[in-house]
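Visitor: Below you'll find target-v8.pdb; it's PDB, C-alpha atoms.
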ATOM      1  CA  MET Y 897      15.685 -11.353  13.858
ATOM      2  CA  ILE Y 898      16.494 -14.211  11.447
ATOM      3  CA  LYS Y 899      15.518 -16.781  14.077
ATOM      4  CA  LYS Y 900      12.277 -14.897  14.720
ATOM      5  CA  TRP Y 901      11.210 -14.916  11.073
ATOM      6  CA  THR Y 902      12.285 -18.521  10.587
ATOM      7  CA  THR Y 903       9.807 -19.419  13.326
ATOM      8  CA  VAL Y 904       7.166 -17.207  11.729
ATOM      9  CA  LEU Y 905       7.568 -18.852   8.333
ATOM     10  CA  ALA Y 906       7.412 -22.331   9.841
ATOM     11  CA  THR Y 907       4.153 -21.370  11.529
ATOM     12  CA  LEU Y 908       2.743 -20.023   8.279
ATOM     13  CA  VAL Y 909       3.568 -23.219   6.410
ATOM     14  CA  ALA Y 910       1.977 -25.327   9.129
ATOM     15  CA  CYS Y 911      -1.189 -23.211   9.136
ATOM     16  CA  ALA Y 912      -1.510 -23.199   5.352
ATOM     17  CA  THR Y 913      -1.074 -26.928   4.858
ATOM     18  CA  LEU Y 914      -4.214 -28.567   3.481
ATOM     19  CA  PRO Y 915      -5.494 -31.996   4.499
ATOM     20  CA  ALA Y 916      -3.779 -34.820   2.633
ATOM     21  CA  HIS Y 917      -6.939 -35.844   0.780
ATOM     22  CA  ALA Y 918      -7.436 -32.271  -0.473
ATOM     23  CA  GLN Y 919      -3.845 -32.050  -1.667
ATOM     24  CA  ALA Y 920      -4.291 -35.268  -3.650
ATOM     25  CA  LEU Y 921      -7.236 -33.951  -5.686
ATOM     26  CA  GLN Y 922      -6.593 -32.752  -9.221
ATOM     27  CA  GLY Y 923      -8.399 -29.693 -10.513
ATOM     28  CA  ASP Y 924     -10.305 -29.808 -13.796
ATOM     29  CA  VAL Y 925     -10.349 -26.441 -15.576
ATOM     30  CA  LYS Y 926     -13.372 -27.260 -17.746
ATOM     31  CA  ALA Y 927     -15.376 -28.498 -14.777
ATOM     32  CA  GLY Y 928     -14.287 -25.448 -12.831
ATOM     33  CA  GLU Y 929     -15.562 -23.117 -15.541
ATOM     34  CA  THR Y 930     -19.048 -24.562 -15.076
ATOM     35  CA  LYS Y 931     -18.843 -24.604 -11.277
ATOM     36  CA  ALA Y 932     -17.649 -20.989 -11.210
ATOM     37  CA  ALA Y 933     -21.176 -19.877 -12.109
ATOM     38  CA  MET Y 934     -21.677 -19.131  -8.406
ATOM     39  CA  CYS Y 935     -18.607 -16.874  -8.425
ATOM     40  CA  ILE Y 936     -18.971 -14.773 -11.563
ATOM     41  CA  GLY Y 937     -21.764 -12.590 -10.165
ATOM     42  CA  CYS Y 938     -19.104 -10.794  -8.103
ATOM     43  CA  HIS Y 939     -15.663 -11.829  -9.334
ATOM     44  CA  GLY Y 940     -16.525 -11.756 -13.033
ATOM     45  CA  ILE Y 941     -17.787  -8.174 -13.198
ATOM     46  CA  VAL Y 942     -15.271  -5.382 -13.736
ATOM     47  CA  GLY Y 943     -15.555  -2.777 -10.990
ATOM     48  CA  TYR Y 944     -18.059  -4.747  -8.893
ATOM     49  CA  ARG Y 945     -18.203  -3.543  -5.305
ATOM     50  CA  SER Y 946     -19.211  -5.252  -2.104
ATOM     51  CA  SER Y 947     -20.870  -3.330   0.722
ATOM     52  CA  PHE Y 948     -19.727  -5.697   3.482
ATOM     53  CA  PRO Y 949     -18.080  -5.089   5.869
ATOM     54  CA  GLU Y 950     -17.563  -1.729   4.126
ATOM     55  CA  VAL Y 951     -17.753  -0.677   0.495
ATOM     56  CA  HIS Y 952     -14.811  -2.051  -1.475
ATOM     57  CA  GLN Y 953     -14.079  -3.743  -4.777
ATOM     58  CA  VAL Y 954     -14.276  -7.511  -4.613
ATOM     59  CA  PRO Y 955     -10.840  -9.103  -4.957
ATOM     60  CA  MET Y 956      -9.452 -10.131  -8.305
ATOM     61  CA  ILE Y 957      -8.975 -13.900  -8.244
ATOM     62  CA  SER Y 958      -8.174 -14.633 -11.892
ATOM     63  CA  GLY Y 959      -4.438 -15.283 -11.911
ATOM     64  CA  GLN Y 960      -4.168 -16.326  -8.268
ATOM     65  CA  SER Y 961      -2.589 -19.697  -7.591
ATOM     66  CA  SER Y 962      -4.985 -22.599  -7.249
ATOM     67  CA  ALA Y 963      -3.439 -23.534  -3.885
ATOM     68  CA  TYR Y 964      -4.240 -20.115  -2.450
ATOM     69  CA  ILE Y 965      -7.832 -20.153  -3.725
ATOM     70  CA  VAL Y 966      -8.425 -23.586  -2.186
ATOM     71  CA  ALA Y 967      -6.847 -22.486   1.106
ATOM     72  CA  ALA Y 968      -9.043 -19.367   1.201
ATOM     73  CA  LEU Y 969     -12.228 -21.318   0.432
ATOM     74  CA  ASN Y 970     -11.412 -23.832   3.158
ATOM     75  CA  ALA Y 971     -10.858 -20.983   5.610
ATOM     76  CA  TYR Y 972     -14.293 -19.544   4.773
ATOM     77  CA  ARG Y 973     -15.908 -22.972   5.088
ATOM     78  CA  GLN Y 974     -14.281 -23.678   8.442
ATOM     79  CA  GLY Y 975     -14.928 -20.205   9.842
ATOM     80  CA  GLY Y 976     -11.311 -19.050   9.964
ATOM     81  CA  ARG Y 977     -12.340 -16.298   7.582
ATOM     82  CA  ARG Y 978     -15.602 -14.759   8.701
ATOM     83  CA  HIS Y 979     -17.780 -13.468   5.877
ATOM     84  CA  PRO Y 980     -21.402 -14.676   5.749
ATOM     85  CA  THR Y 981     -21.750 -14.726   1.959
ATOM     86  CA  MET Y 982     -18.430 -16.425   1.295
ATOM     87  CA  ARG Y 983     -18.994 -18.933   4.080
ATOM     88  CA  GLY Y 984     -22.366 -19.900   2.592
ATOM     89  CA  ILE Y 985     -20.778 -20.412  -0.816
ATOM     90  CA  ALA Y 986     -17.814 -22.360   0.543
ATOM     91  CA  GLU Y 987     -20.041 -24.621   2.634
ATOM     92  CA  SER Y 988     -21.976 -25.548  -0.507
ATOM     93  CA  MET Y 989     -18.792 -26.757  -2.232
ATOM     94  CA  SER Y 990     -17.134 -30.145  -2.021
ATOM     95  CA  ASP Y 991     -13.349 -30.453  -1.929
ATOM     96  CA  GLN Y 992     -13.444 -31.391  -5.617
ATOM     97  CA  ASP Y 993     -15.550 -28.334  -6.421
ATOM     98  CA  MET Y 994     -12.964 -26.151  -4.724
ATOM     99  CA  VAL Y 995      -9.982 -27.522  -6.612
ATOM    100  CA  ASP Y 996     -11.869 -27.367  -9.922
ATOM    101  CA  VAL Y 997     -12.884 -23.725  -9.446
ATOM    102  CA  ALA Y 998      -9.364 -22.899  -8.262
ATOM    103  CA  ALA Y 999      -7.846 -24.532 -11.344
ATOM    104  CA  TYR Y1000     -10.173 -22.515 -13.557
ATOM    105  CA  TYR Y1001      -9.201 -19.162 -12.062
ATOM    106  CA  ALA Y1002      -5.509 -20.051 -11.949
ATOM    107  CA  SER Y1003      -5.657 -20.910 -15.677
ATOM    108  CA  HIS Y1004      -6.376 -17.259 -16.488
ATOM    109  CA  ASN Y1005      -2.710 -16.504 -15.978
ATOM    110  CA  PRO Y1006      -0.593 -19.039 -17.872
ATOM    111  CA  SER Y1007       2.450 -16.718 -17.950
ATOM    112  CA  PRO Y1008       3.146 -15.162 -14.539
ATOM    113  CA  THR Y1009       4.642 -11.693 -14.569
ATOM    114  CA  ASP Y1010       8.368 -11.182 -14.138
ATOM    115  CA  ALA Y1011       7.959  -7.489 -13.447
ATOM    116  CA  GLU Y1012      10.130  -6.019 -10.731
ATOM    117  CA  PRO Y1013       8.576  -3.637  -8.198
ATOM    118  CA  HIS Y1014       9.244   0.050  -8.525
ATOM    119  CA  ASN Y1015      10.920   1.670  -5.569
ATOM    120  CA  PRO Y1016       8.317   2.524  -2.938
ATOM    121  CA  PRO Y1017       8.279   5.871  -1.162
ATOM    122  CA  ALA Y1018      10.544   5.912   1.878
ATOM    123  CA  GLN Y1019       7.637   5.730   4.323
ATOM    124  CA  VAL Y1020       6.146   2.693   2.564
ATOM    125  CA  ALA Y1021       9.560   1.017   2.284
ATOM    126  CA  ALA Y1022       9.943   1.357   6.050
ATOM    127  CA  LEU Y1023       6.537  -0.250   6.611
ATOM    128  CA  ILE Y1024       7.385  -3.140   4.277
ATOM    129  CA  GLU Y1025      10.615  -3.741   6.171
ATOM    130  CA  LYS Y1026       8.876  -3.510   9.539
ATOM    131  CA  GLY Y1027       6.299  -6.092   8.508
ATOM    132  CA  ALA Y1028       8.888  -8.279   6.734
ATOM    133  CA  CYS Y1029       6.363  -8.501   3.884
ATOM    134  CA  PHE Y1030       8.859  -9.878   1.360
ATOM    135  CA  SER Y1031       9.508 -12.847   3.659
ATOM    136  CA  CYS Y1032       6.218 -14.417   2.590
ATOM    137  CA  HIS Y1033       4.885 -12.516  -0.416
ATOM    138  CA  GLY Y1034       8.197 -12.316  -2.254
ATOM    139  CA  GLN Y1035       9.961  -9.469  -3.990
ATOM    140  CA  GLY Y1036       7.436  -7.700  -6.164
ATOM    141  CA  PHE Y1037       4.535  -9.250  -4.217
ATOM    142  CA  SER Y1038       3.706 -11.565  -7.148
ATOM    143  CA  LYS Y1039       5.806 -14.584  -6.211
ATOM    144  CA  PRO Y1040       4.991 -15.712  -2.665
ATOM    145  CA  ILE Y1041       7.316 -18.258  -1.106
ATOM    146  CA  ASP Y1042       4.455 -20.750  -0.799
ATOM    147  CA  ALA Y1043       1.708 -21.252  -3.374
ATOM    148  CA  SER Y1044      -0.963 -21.144  -0.676
ATOM    149  CA  TYR Y1045      -0.058 -17.521   0.134
ATOM    150  CA  PRO Y1046      -1.733 -14.814  -1.968
ATOM    151  CA  LYS Y1047      -0.282 -12.758  -4.751
ATOM    152  CA  VAL Y1048      -1.086  -9.181  -3.784
ATOM    153  CA  ALA Y1049       0.653  -7.035  -6.417
ATOM    154  CA  GLY Y1050      -1.953  -5.050  -8.312
ATOM    155  CA  GLN Y1051      -4.827  -6.183  -6.107
ATOM    156  CA  HIS Y1052      -7.549  -3.591  -5.484
ATOM    157  CA  ALA Y1053      -6.188  -1.276  -2.805
ATOM    158  CA  ASP Y1054      -9.525  -0.854  -1.036
ATOM    159  CA  TYR Y1055      -9.934  -4.627  -0.756
ATOM    160  CA  VAL Y1056      -6.376  -5.086   0.537
ATOM    161  CA  TYR Y1057      -7.022  -2.437   3.180
ATOM    162  CA  VAL Y1058     -10.190  -4.195   4.370
ATOM    163  CA  ALA Y1059      -8.404  -7.570   4.355
ATOM    164  CA  LEU Y1060      -5.469  -6.268   6.386
ATOM    165  CA  LYS Y1061      -7.779  -4.766   8.991
ATOM    166  CA  SER Y1062      -9.721  -8.024   9.235
ATOM    167  CA  TYR Y1063      -6.700  -9.839  10.688
ATOM    168  CA  SER Y1064      -6.859  -7.566  13.724
ATOM    169  CA  THR Y1065     -10.644  -7.796  14.140
ATOM    170  CA  LEU Y1066     -11.370  -9.800  17.272
ATOM    171  CA  LYS Y1067     -14.542 -11.194  18.864
ATOM    172  CA  ASN Y1068     -16.736 -10.579  15.834
ATOM    173  CA  ASP Y1069     -18.819 -13.436  14.459
ATOM    174  CA  LYS Y1070     -19.302 -11.788  11.054
ATOM    175  CA  VAL Y1071     -15.953 -10.179  10.279
ATOM    176  CA  GLY Y1072     -12.332 -11.156  10.765
ATOM    177  CA  ARG Y1073      -9.656 -13.658   9.813
ATOM    178  CA  ASP Y1074      -7.900 -16.079  12.127
ATOM    179  CA  ASN Y1075      -4.185 -15.965  11.394
ATOM    180  CA  GLY Y1076      -1.895 -15.427  14.347
ATOM    181  CA  VAL Y1077       1.051 -14.348  12.216
ATOM    182  CA  MET Y1078      -0.852 -11.810  10.126
ATOM    183  CA  ALA Y1079      -2.616 -10.534  13.238
ATOM    184  CA  ALA Y1080       0.716  -9.892  14.945
ATOM    185  CA  ILE Y1081       2.007  -8.103  11.855
ATOM    186  CA  THR Y1082      -1.031  -5.894  11.213
ATOM    187  CA  GLN Y1083      -1.346  -4.929  14.854
ATOM    188  CA  GLN Y1084       1.988  -3.132  14.524
ATOM    189  CA  PHE Y1085       0.415  -0.601  12.184
ATOM    190  CA  SER Y1086      -2.198   2.121  12.392
ATOM    191  CA  ASN Y1087      -5.087   2.082   9.921
ATOM    192  CA  GLN Y1088      -3.434   4.969   8.108
ATOM    193  CA  GLU Y1089      -0.262   2.910   7.692
ATOM    194  CA  LEU Y1090      -2.238  -0.110   6.487
ATOM    195  CA  LYS Y1091      -3.902   2.115   3.912
ATOM    196  CA  LEU Y1092      -0.508   3.355   2.727
ATOM    197  CA  LEU Y1093       0.631  -0.245   2.248
ATOM    198  CA  ALA Y1094      -2.592  -1.186   0.458
ATOM    199  CA  ASN Y1095      -2.427   1.803  -1.856
ATOM    200  CA  TYR Y1096       1.160   0.960  -2.781
ATOM    201  CA  LEU Y1097       0.322  -2.682  -3.536
ATOM    202  CA  GLY Y1098      -2.483  -1.511  -5.795
ATOM    203  CA  THR Y1099       0.012   0.389  -7.972
ATOM    204  CA  LEU Y1100       2.198  -2.637  -8.722
ATOM    205  CA  GLU Y1101       2.108  -4.682 -11.897
ATOM    206  CA  GLY Y1102       0.945  -8.205 -11.169
ATOM    207  CA  ASP Y1103      -0.850 -11.297 -12.386
ATOM    208  CA  LEU Y1104      -4.287 -10.526 -11.015
ATOM    209  CA  LYS Y1105      -7.181  -9.455 -13.206
ATOM    210  CA  VAL Y1106     -10.905  -9.692 -13.748
ATOM    211  CA  VAL Y1107     -11.994 -11.905 -16.622
ATOM    212  CA  PRO Y1108     -15.454 -10.644 -17.624
ATOM    213  CA  GLN Y1109     -18.053 -13.319 -18.243
ATOM    214  CA  PRO Y1110     -20.425 -13.241 -21.221
ATOM    215  CA  ARG Y1111     -23.979 -12.300 -20.360
ATOM    216  CA  PHE Y1112     -25.308 -15.448 -21.982
ATOM    217  CA  ARG Y1113     -23.612 -18.825 -22.042
TER
END
Starting from the file, give its structure as structure tokens.

Guide:
Amino acid sequence: MIKKWTTVLATLVACATLPAHAQALQGDVKAGETKAAMCIGCHGIVGYRSSFPEVHQVPMISGQSSAYIVAALNAYRQGGRRHPTMRGIAESMSDQDMVDVAAYYASHNPSPTDAEPHNPPAQVAALIEKGACFSCHGQGFSKPIDASYPKVAGQHADYVYVALKSYSTLKNDKVGRDNGVMAAITQQFSNQELKLLANYLGTLEGDLKVVPQPRFR
């Protein structure tokens, strides 16, 4: 089992690694605040819901790590994450735009939480162990082992559920996420089990939040 998950983690690191030129760029928070104008219409409104691919709250990205935000935007731009709206936005952004916007959203959480997770129900604990979730997302789900992996503690449960299902969505040009490791993990579970996991993650204290934007700038 240890050998298996060592291989899994090595694969995750290899898949998440950004091109050298992207890693060398430095994000500018002030520039990112201006460039985030394209993002605030969804991610800057408390309770905003998307209707694609099903109705769910858009993910909270304030407080995520900048490395994860850049990795996600690159995946949308390259088609590894299939979502027409997000792909259109990501394709309009340069590498510098991405790191600036990522720096801006990461700056909303200067003091990461040290909260410990509460004990999950036995059924959820068994699912977490089966999926080896702590191996990547860390104890408490707020301190992933690599900055390019998402913090998921406290994330909207309905969004997490949709995201988990997307890893197992195949042969669909509009929906799905290409990640062999996450696909193998999510395919172990029924949709009901994925929903149980998502609902539990939504109850945890974490770093993620929505920072409302003023109506007029």

Visitor: Identify, on the basis of all atoms listed in the file, every residue whose closest approach to stretch 1094-1101 of chain Y does not exceed 7 Å; exclude the query and any residue fewer than 4 positions from it along the same chain; express the result as JSON, numbers by chain.

Guide: {"Y": [1011, 1013, 1048, 1049, 1050, 1051, 1052, 1053, 1056, 1057, 1090]}

Visitor: For stretch 973-988 of chain Y, work out the shell of residues within 9 Å, counting all atoms listed in the file and skipping chain neighbours fewer than 5 positions away, then give it as an mmCIF file with C-alpha atoms, in the coordinates of the input.

Guide:
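Once everything was written out, this is around-v7.cif:
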data_model
loop_
_atom_site.group_PDB
_atom_site.id
_atom_site.type_symbol
_atom_site.label_atom_id
_atom_site.label_comp_id
_atom_site.auth_asym_id
_atom_site.auth_seq_id
_atom_site.Cartn_x
_atom_site.Cartn_y
_atom_site.Cartn_z
ATOM 1 C CA MET Y 934 -21.677 -19.131 -8.406
ATOM 2 C CA CYS Y 935 -18.607 -16.874 -8.425
ATOM 3 C CA PHE Y 948 -19.727 -5.697 3.482
ATOM 4 C CA PRO Y 949 -18.080 -5.089 5.869
ATOM 5 C CA ALA Y 968 -9.043 -19.367 1.201
ATOM 6 C CA MET Y 994 -12.964 -26.151 -4.724
ATOM 7 C CA SER Y 1062 -9.721 -8.024 9.235
ATOM 8 C CA ASN Y 1068 -16.736 -10.579 15.834
ATOM 9 C CA ASP Y 1069 -18.819 -13.436 14.459
ATOM 10 C CA LYS Y 1070 -19.302 -11.788 11.054
ATOM 11 C CA VAL Y 1071 -15.953 -10.179 10.279
ATOM 12 C CA GLY Y 1072 -12.332 -11.156 10.765
ATOM 13 C CA ARG Y 1073 -9.656 -13.658 9.813
ATOM 14 C CA ASP Y 1074 -7.900 -16.079 12.127
ATOM 15 C CA ASN Y 1075 -4.185 -15.965 11.394
#

Visitor: For a test of reading the model, state the distance in Å between atom CA of Y:Gln992 and atom CA of Y:Gly923, rounded to one decimal.

Guide: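 Between atom CA of Y:Gln992 and atom CA of Y:Gly923 the gap is 7.2 Å.
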
Visitor: If the PyMOL selection byres ((chain Y and resi 937) around 12) is run on the structure shown, which residues does it catch, given as a ChimeraX atom specification?

Guide: /Y:932-936,938-946,954,1106-1111

Visitor: Could you expand the PyMOL selection byres ((chain Y and resi 958) around 9) into the explicit residues it covers here, written as a list of chain:residue names?

Guide: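 Applied to this file, the PyMOL selection byres ((chain Y and resi 958) around 9) selects Y:His939, Y:Gly940, Y:Met956, Y:Ile957, Y:Gly959, Y:Gln960, Y:Ser961, Y:Tyr1000, Y:Tyr1001, Y:Ala1002, Y:Ser1003, Y:His1004, Y:Asn1005, Y:Asp1103, Y:Leu1104, Y:Lys1105, Y:Val1106, Y:Val1107.
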
Visitor: Out of Y:Cys1032, Y:Leu1092, Y:Ala1043, Y:Ile965, which residue has the shortest atom-to-atom distance to Y:Leu1060 when counting all atoms listed in the file?

Guide: Y:Leu1092

Visitor: For a quick check of understanding, using all atoms listed in the file, which of Y:Ile1041, Y:Ala1022, Y:Met989, Y:Leu1093 has the smallest distance to Y:Tyr964?

Guide: Y:Ile1041

Visitor: Would you work out the distance separating atom CA of Y:His1033 from atom CA of Y:Leu1066, expressed in Å to one decimal?

Guide: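 According to the coordinates, atom CA of Y:His1033 and atom CA of Y:Leu1066 are separated by 24.2 Å.
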
Visitor: Nearest residue to Y:Ala1080 out of Y:Pro955, Y:Gly1027, Y:Gly928, Y:Pro1006, using all atoms listed in the file?

Guide: Y:Gly1027

Visitor: Could you check how far atom CA of Y:Ala999 sits from atom CA of Y:Asp1042, in Å to one decimal?

Guide: 16.6 Å

Visitor: How big is the axis-aligned box, and where does its centre sit, when it encloses all atoms of stretch 922-941 of chain Y listed in the file and has 3 Å added on every side, reported in Å to one decimal as AutoDock Vina command-line options?

Guide:
--center_x -14.2 --center_y -20.5 --center_z -12.9 --size_x 21.2 --size_y 30.6 --size_z 15.6

Visitor: Compare Y:Val966, Y:Val1077, Y:Gln1035, Y:Lys931 by their minimum atom-to-atom distance to Y:Tyr1063, counting all atoms listed in the file, and give me the closest one.

Guide: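 Looking at the shortest contact to Y:Tyr1063, the residue is Y:Val1077.
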
Visitor: Counting all atoms listed in the file, figure out which residue out of Y:Thr930, Y:Thr1082, Y:Asn1015, Y:Ser1064 gets nearest to Y:Asp993.

Guide: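 The closest residue to Y:Asp993 is Y:Thr930.
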
Visitor: Could you tell me which of Y:Ala920, Y:Leu969, Y:Ala1028, Y:Val951 comes closest to Y:Ser1044 if we count all atoms listed in the file?

Guide: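 Selected residue with least distance to Y:Ser1044: Y:Leu969.
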
Visitor: Have stretch 983-1008 of chain Y completed to N, CA and C atoms, please, and pass it along as a PDB file, keeping the file's coordinate frame.

Guide:
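Below is the file out.pdb, written as the result:
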ATOM      1  N   ARG Y 983     -18.883 -17.686   3.332  1.00  0.00           N
ATOM      2  CA  ARG Y 983     -18.994 -18.933   4.080  1.00  0.00           C
ATOM      3  C   ARG Y 983     -20.116 -19.792   3.503  1.00  0.00           C
ATOM      4  N   GLY Y 984     -21.256 -19.151   3.168  1.00  0.00           N
ATOM      5  CA  GLY Y 984     -22.366 -19.900   2.592  1.00  0.00           C
ATOM      6  C   GLY Y 984     -21.983 -20.565   1.283  1.00  0.00           C
ATOM      7  N   ILE Y 985     -21.226 -19.842   0.457  1.00  0.00           N
ATOM      8  CA  ILE Y 985     -20.778 -20.412  -0.816  1.00  0.00           C
ATOM      9  C   ILE Y 985     -19.804 -21.558  -0.575  1.00  0.00           C
ATOM     10  N   ALA Y 986     -18.831 -21.334   0.295  1.00  0.00           N
ATOM     11  CA  ALA Y 986     -17.814 -22.360   0.543  1.00  0.00           C
ATOM     12  C   ALA Y 986     -18.426 -23.618   1.155  1.00  0.00           C
ATOM     13  N   GLU Y 987     -19.405 -23.455   2.015  1.00  0.00           N
ATOM     14  CA  GLU Y 987     -20.041 -24.621   2.634  1.00  0.00           C
ATOM     15  C   GLU Y 987     -20.834 -25.450   1.621  1.00  0.00           C
ATOM     16  N   SER Y 988     -21.225 -24.817   0.521  1.00  0.00           N
ATOM     17  CA  SER Y 988     -21.976 -25.548  -0.507  1.00  0.00           C
ATOM     18  C   SER Y 988     -21.065 -26.330  -1.446  1.00  0.00           C
ATOM     19  N   MET Y 989     -19.753 -26.160  -1.315  1.00  0.00           N
ATOM     20  CA  MET Y 989     -18.792 -26.757  -2.232  1.00  0.00           C
ATOM     21  C   MET Y 989     -18.125 -27.985  -1.625  1.00  0.00           C
ATOM     22  N   SER Y 990     -17.938 -28.998  -2.433  1.00  0.00           N
ATOM     23  CA  SER Y 990     -17.134 -30.145  -2.021  1.00  0.00           C
ATOM     24  C   SER Y 990     -15.659 -29.804  -2.219  1.00  0.00           C
ATOM     25  N   ASP Y 991     -14.783 -30.654  -1.699  1.00  0.00           N
ATOM     26  CA  ASP Y 991     -13.349 -30.453  -1.929  1.00  0.00           C
ATOM     27  C   ASP Y 991     -13.035 -30.459  -3.422  1.00  0.00           C
ATOM     28  N   GLN Y 992     -13.687 -31.338  -4.177  1.00  0.00           N
ATOM     29  CA  GLN Y 992     -13.444 -31.391  -5.617  1.00  0.00           C
ATOM     30  C   GLN Y 992     -13.928 -30.111  -6.299  1.00  0.00           C
ATOM     31  N   ASP Y 993     -15.067 -29.602  -5.869  1.00  0.00           N
ATOM     32  CA  ASP Y 993     -15.550 -28.334  -6.421  1.00  0.00           C
ATOM     33  C   ASP Y 993     -14.509 -27.241  -6.223  1.00  0.00           C
ATOM     34  N   MET Y 994     -13.939 -27.198  -5.035  1.00  0.00           N
ATOM     35  CA  MET Y 994     -12.964 -26.151  -4.724  1.00  0.00           C
ATOM     36  C   MET Y 994     -11.737 -26.233  -5.635  1.00  0.00           C
ATOM     37  N   VAL Y 995     -11.193 -27.419  -5.795  1.00  0.00           N
ATOM     38  CA  VAL Y 995      -9.982 -27.522  -6.612  1.00  0.00           C
ATOM     39  C   VAL Y 995     -10.294 -27.290  -8.084  1.00  0.00           C
ATOM     40  N   ASP Y 996     -11.493 -27.624  -8.533  1.00  0.00           N
ATOM     41  CA  ASP Y 996     -11.869 -27.367  -9.922  1.00  0.00           C
ATOM     42  C   ASP Y 996     -12.002 -25.867 -10.178  1.00  0.00           C
ATOM     43  N   VAL Y 997     -12.722 -25.176  -9.299  1.00  0.00           N
ATOM     44  CA  VAL Y 997     -12.884 -23.725  -9.446  1.00  0.00           C
ATOM     45  C   VAL Y 997     -11.528 -23.029  -9.345  1.00  0.00           C
ATOM     46  N   ALA Y 998     -10.698 -23.482  -8.418  1.00  0.00           N
ATOM     47  CA  ALA Y 998      -9.364 -22.899  -8.262  1.00  0.00           C
ATOM     48  C   ALA Y 998      -8.525 -23.095  -9.515  1.00  0.00           C
ATOM     49  N   ALA Y 999      -8.602 -24.268 -10.111  1.00  0.00           N
ATOM     50  CA  ALA Y 999      -7.846 -24.532 -11.344  1.00  0.00           C
ATOM     51  C   ALA Y 999      -8.314 -23.627 -12.469  1.00  0.00           C
ATOM     52  N   TYR Y1000      -9.620 -23.390 -12.524  1.00  0.00           N
ATOM     53  CA  TYR Y1000     -10.173 -22.515 -13.557  1.00  0.00           C
ATOM     54  C   TYR Y1000      -9.634 -21.100 -13.430  1.00  0.00           C
ATOM     55  N   TYR Y1001      -9.677 -20.538 -12.232  1.00  0.00           N
ATOM     56  CA  TYR Y1001      -9.201 -19.162 -12.062  1.00  0.00           C
ATOM     57  C   TYR Y1001      -7.686 -19.051 -12.215  1.00  0.00           C
ATOM     58  N   ALA Y1002      -6.962 -20.060 -11.779  1.00  0.00           N
ATOM     59  CA  ALA Y1002      -5.509 -20.051 -11.949  1.00  0.00           C
ATOM     60  C   ALA Y1002      -5.129 -20.122 -13.422  1.00  0.00           C
ATOM     61  N   SER Y1003      -5.965 -20.753 -14.249  1.00  0.00           N
ATOM     62  CA  SER Y1003      -5.657 -20.910 -15.677  1.00  0.00           C
ATOM     63  C   SER Y1003      -5.733 -19.595 -16.431  1.00  0.00           C
ATOM     64  N   HIS Y1004      -6.279 -18.555 -15.821  1.00  0.00           N
ATOM     65  CA  HIS Y1004      -6.376 -17.259 -16.488  1.00  0.00           C
ATOM     66  C   HIS Y1004      -5.038 -16.545 -16.563  1.00  0.00           C
ATOM     67  N   ASN Y1005      -4.030 -17.132 -15.963  1.00  0.00           N
ATOM     68  CA  ASN Y1005      -2.710 -16.504 -15.978  1.00  0.00           C
ATOM     69  C   ASN Y1005      -1.640 -17.546 -16.291  1.00  0.00           C
ATOM     70  N   PRO Y1006      -1.567 -17.998 -17.538  1.00  0.00           N
ATOM     71  CA  PRO Y1006      -0.593 -19.039 -17.872  1.00  0.00           C
ATOM     72  C   PRO Y1006       0.861 -18.568 -17.849  1.00  0.00           C
ATOM     73  N   SER Y1007       1.079 -17.255 -17.926  1.00  0.00           N
ATOM     74  CA  SER Y1007       2.450 -16.718 -17.950  1.00  0.00           C
ATOM     75  C   SER Y1007       2.613 -15.684 -16.848  1.00  0.00           C
ATOM     76  N   PRO Y1008       3.000 -16.096 -15.652  1.00  0.00           N
ATOM     77  CA  PRO Y1008       3.146 -15.162 -14.539  1.00  0.00           C
ATOM     78  C   PRO Y1008       4.107 -14.021 -14.864  1.00  0.00           C
TER      79      PRO Y1008
END
